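S.K.: Here it is, the structure in full.
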Amino acid sequence: MKTQYEYPFYKSERGIDKSDKAIESEWNELEWFVMKSKILPQIKPGGCVVEVGGGHGRCGHTLLASFQRIIFIEPDQRRINVAKNKLSNYGGRIEYRSELAQEVNIPARTADAVFCIHVLQHVSRNVENTLLARMSDWVKPGGQLVLFVTKKNPGDYDYNIAWETETETHFSAIPEEVLSKIEGVFLKDTLLVRKVEVGKLIDRVEKQGFKHILSHAYTFAPKNILEKLWSRLLFPLPISIQHKVTSKLFGEHSQLDVALVFEKKL
Ligand SMILES: C[S@@+](CC[C@H](N)C(=O)[O-])C[C@H]1O[C@@H](n2cnc3c(N)ncnc32)[C@H](O)[C@@H]1O
């Protein structure tokens, strides 16, 4: 039986513009820079791409520039409805599957590529294992896998949680042992983010028959305090330079996310 799933609806997910024009502007500026300048140049165009946890469909437009069709998996019906509305111009090129990716039925070797953008950090390690195995099964030999995840830096707690009050969104970092005590009570209306140790994730993906091609760690500088600093500069710096400066100044700890590309071995 199909599992009902609702992704927590927290403040930063509000105010989604459903028009076609908004598609690129839905990306965080730096994240779009990473996608466009680091990831897309690695992607081999093809017939079918599977998008795991497609959300509101912000990647749809971009993926259809390289692939003939998308199998769009998104278990939250409310989110899939937004995506359908936003991507309505693409009609028959998108097949929507309103299911959890661990439950969906897709034949082996269907896809030239699988994109899974900011999904693995919202599932447990066990589910992550299942998803990696399934994604490996769906990709053809020589095909590609793209993952974006939240990065665990040295000294970081294992999880972040986000919740909202009337006026604000709050974030808090929590260790594994605290999470196990509050689970089920506190987590109902919060967004739980499991931070991922990148080297270990790469090992786990490689065990599923992939070769690691590229990792690009990046910051969310424009969205945090640094944004305020930049905006005070007389000549705001281009996003690529901001990225270099924050990485240099704050090293590992300024890199909150990572984008990874893999290729399925022949
Ligand atoms: C942070 S959002 C990212 C959405 C989209 N990939 C993007 O980058 O805009 C995470 C998405 O993963 C979906 N999701 C969570 N668990 C999932 C699972 N087990 N299988 C497929 N999708 C899942 C959620 O419903 C949500 O839409």
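Chain lettering (A, B, ...) mirrors the order of the structure tokens, residue numbering begins at 1 for each chain separately, and ligand numbering begins at 1 in order of display.
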Based on the backbone DSSP call, show me all residues of range 121-261 of chain A assigned strand (DSSP E), as a PyMOL selection string.

M.R.: chain A and resi 139-150+159-164+169-174+191-194+210-218+257-261

S.K.: Write out the residues from the selection above, keeping C-alpha atoms, as a PDB file, in the first residue's frame.

M.R.:
```
ATOM      1  CA  VAL A 139      20.736   3.963 -14.171  1.00  0.00           C
ATOM      2  CA  LYS A 140      22.099   2.410 -17.364  1.00  0.00           C
ATOM      3  CA  PRO A 141      25.814   1.519 -17.449  1.00  0.00           C
ATOM      4  CA  GLY A 142      27.714   4.701 -18.317  1.00  0.00           C
ATOM      5  CA  GLY A 143      24.792   6.786 -17.005  1.00  0.00           C
ATOM      6  CA  GLN A 144      25.108   9.426 -14.297  1.00  0.00           C
ATOM      7  CA  LEU A 145      23.979  10.133 -10.763  1.00  0.00           C
ATOM      8  CA  VAL A 146      23.810  13.655  -9.332  1.00  0.00           C
ATOM      9  CA  LEU A 147      23.406  14.166  -5.587  1.00  0.00           C
ATOM     10  CA  PHE A 148      23.183  17.367  -3.570  1.00  0.00           C
ATOM     11  CA  VAL A 149      23.335  16.916   0.220  1.00  0.00           C
ATOM     12  CA  THR A 150      23.934  18.879   3.418  1.00  0.00           C
ATOM     13  CA  TYR A 159      21.436  16.875  12.597  1.00  0.00           C
ATOM     14  CA  ASN A 160      19.929  20.291  12.053  1.00  0.00           C
ATOM     15  CA  ILE A 161      16.305  20.957  12.791  1.00  0.00           C
ATOM     16  CA  ALA A 162      14.262  23.871  11.529  1.00  0.00           C
ATOM     17  CA  TRP A 163      10.892  24.978  12.829  1.00  0.00           C
ATOM     18  CA  GLU A 164       8.831  28.080  12.574  1.00  0.00           C
ATOM     19  CA  THR A 169      12.147  30.314  11.238  1.00  0.00           C
ATOM     20  CA  HIS A 170      14.554  28.850  13.776  1.00  0.00           C
ATOM     21  CA  PHE A 171      17.420  26.471  13.213  1.00  0.00           C
ATOM     22  CA  SER A 172      19.155  24.333  15.756  1.00  0.00           C
ATOM     23  CA  ALA A 173      21.942  21.775  15.557  1.00  0.00           C
ATOM     24  CA  ILE A 174      21.452  18.592  17.544  1.00  0.00           C
ATOM     25  CA  LEU A 191      12.275  19.905   9.144  1.00  0.00           C
ATOM     26  CA  LEU A 192      14.954  17.408  10.051  1.00  0.00           C
ATOM     27  CA  VAL A 193      18.256  17.579   8.192  1.00  0.00           C
ATOM     28  CA  ARG A 194      20.771  14.757   8.582  1.00  0.00           C
ATOM     29  CA  PHE A 210      29.417   4.053  -9.428  1.00  0.00           C
ATOM     30  CA  LYS A 211      32.650   5.909 -10.114  1.00  0.00           C
ATOM     31  CA  HIS A 212      33.040   9.296  -8.410  1.00  0.00           C
ATOM     32  CA  ILE A 213      33.524  12.046 -11.005  1.00  0.00           C
ATOM     33  CA  LEU A 214      33.217  15.322  -9.133  1.00  0.00           C
ATOM     34  CA  SER A 215      32.383  16.937  -5.782  1.00  0.00           C
ATOM     35  CA  HIS A 216      31.793  20.601  -5.331  1.00  0.00           C
ATOM     36  CA  ALA A 217      31.276  21.909  -1.804  1.00  0.00           C
ATOM     37  CA  TYR A 218      29.647  25.299  -1.529  1.00  0.00           C
ATOM     38  CA  ASP A 257      26.359  21.732   1.133  1.00  0.00           C
ATOM     39  CA  VAL A 258      27.957  19.607  -1.526  1.00  0.00           C
ATOM     40  CA  ALA A 259      27.038  18.607  -5.068  1.00  0.00           C
ATOM     41  CA  LEU A 260      28.339  15.283  -6.371  1.00  0.00           C
ATOM     42  CA  VAL A 261      28.436  13.612  -9.778  1.00  0.00           C
TER      43      VAL A 261
END
```

S.K.: Please report as a tab-separated table every residue of chain A lying within 9 Å of ligand 1, along with the nearest atom pair and their distance in Å (one decimal), using only C-alpha atoms and all ligand atoms.

M.R.:
```
residue	atom	partner	partner_atom_place_in_ligand_line	distance
A:Tyr5	CA	ligand 1	25 (O)	7.2
A:Glu6	CA	ligand 1	25 (O)	6.4
A:Tyr7	CA	ligand 1	25 (O)	4.6
A:Pro8	CA	ligand 1	25 (O)	8.2
A:Glu26	CA	ligand 1	9 (O)	8.1
A:Trp27	CA	ligand 1	9 (O)	7.8
A:Glu51	CA	ligand 1	6 (N)	7.6
A:Val52	CA	ligand 1	21 (C)	5.3
A:Gly53	CA	ligand 1	22 (N)	3.3
A:Gly54	CA	ligand 1	6 (N)	4.2
A:Gly55	CA	ligand 1	27 (O)	3.4
A:His56	CA	ligand 1	9 (O)	6.1
A:Gly57	CA	ligand 1	9 (O)	6.3
A:Arg58	CA	ligand 1	9 (O)	5.1
A:Cys59	CA	ligand 1	9 (O)	6.5
A:Ile73	CA	ligand 1	21 (C)	6.0
A:Glu74	CA	ligand 1	22 (N)	4.9
A:Pro75	CA	ligand 1	25 (O)	5.5
A:Asp76	CA	ligand 1	25 (O)	5.0
A:Gln77	CA	ligand 1	25 (O)	8.5
A:Arg79	CA	ligand 1	27 (O)	6.4
A:Ile80	CA	ligand 1	27 (O)	8.2
A:Ser98	CA	ligand 1	21 (C)	8.7
A:Glu99	CA	ligand 1	21 (C)	6.8
A:Leu100	CA	ligand 1	20 (N)	3.9
A:Ala101	CA	ligand 1	20 (N)	3.8
A:Gln102	CA	ligand 1	19 (N)	6.0
A:Glu103	CA	ligand 1	20 (N)	8.1
A:Val104	CA	ligand 1	20 (N)	8.7
A:Phe115	CA	ligand 1	6 (N)	8.1
A:Cys116	CA	ligand 1	6 (N)	6.2
A:Ile117	CA	ligand 1	6 (N)	4.2
A:His118	CA	ligand 1	1 (C)	4.9
A:Val119	CA	ligand 1	12 (O)	4.4
A:Leu120	CA	ligand 1	16 (N)	7.5
A:Gln121	CA	ligand 1	1 (C)	8.3
A:His122	CA	ligand 1	15 (C)	5.9
A:Val123	CA	ligand 1	16 (N)	5.9
A:Val127	CA	ligand 1	19 (N)	7.1
A:Glu128	CA	ligand 1	19 (N)	8.3
A:Leu131	CA	ligand 1	19 (N)	7.7
A:Phe148	CA	ligand 1	8 (O)	8.2
```

S.K.: Out of A:Pro41, A:Pro154, A:Gly46, A:Gly60, which residue has the shortest atom-to-atom distance to Ala111 in chain A when counting only C-alpha atoms?

M.R.: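 When distances to Ala111 in chain A are compared using only C-alpha atoms, the smallest one comes from A:Gly46.
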
S.K.: Step one, run DSSP on the backbone; step two, keep only residues of range 27-241 of chain A assigned to helix (DSSP H, G or I); then write them as a ChimeraX atom specification.

M.R.: /A:29-42,60-66,77-86,88-93,120-122,125-138,176-182,187-189,198-207,221-223,225-232,239-241

S.K.: What is the CA of Phe33 in chain A-CA of Gly47 in chain A distance in Å, reported with one decimal?

M.R.: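 CA of Phe33 in chain A sits 24.8 Å away from CA of Gly47 in chain A.
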
S.K.: Please list as a PyMOL selection string every residue within 6 Å of Val50 in chain A, counting only C-alpha atoms and excluding residues in the same chain fewer than 6 positions away.

M.R.: chain A and resi 70-71+114

S.K.: Between A:Val205, A:Ile43, A:Leu229, A:Val198, which is the closest to Gln255 in chain A once you count only C-alpha atoms?

M.R.: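 Result for the nearest residue to Gln255 in chain A: A:Val198.
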
S.K.: Counting only C-alpha atoms, figure out which residue out of A:Lys265, A:Lys200, A:Arg93, A:Arg69 gets nearest to Thr110 in chain A.

M.R.: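 The answer is A:Arg69, which sits nearest to Thr110 in chain A.
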
S.K.: When you draw a straight line from CA of Ala65 in chain A to CA of Ser240 in chain A, how long is it in Å?

M.R.: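 These two atoms are separated by 23.5 Å.
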
S.K.: Taking only C-alpha atoms into account, which of A:Ser180, A:Gln68, A:Asn153, A:Gln42 comes nearest His253 in chain A?

M.R.: A:Asn153

S.K.: Quick one: residues within 8 Å of His243 in chain A, only C-alpha atoms, excluding same-chain residues fewer than 3 positions away - as number ranges by chain?

M.R.: A: 30, 218-219, 221, 239-240, 246-247
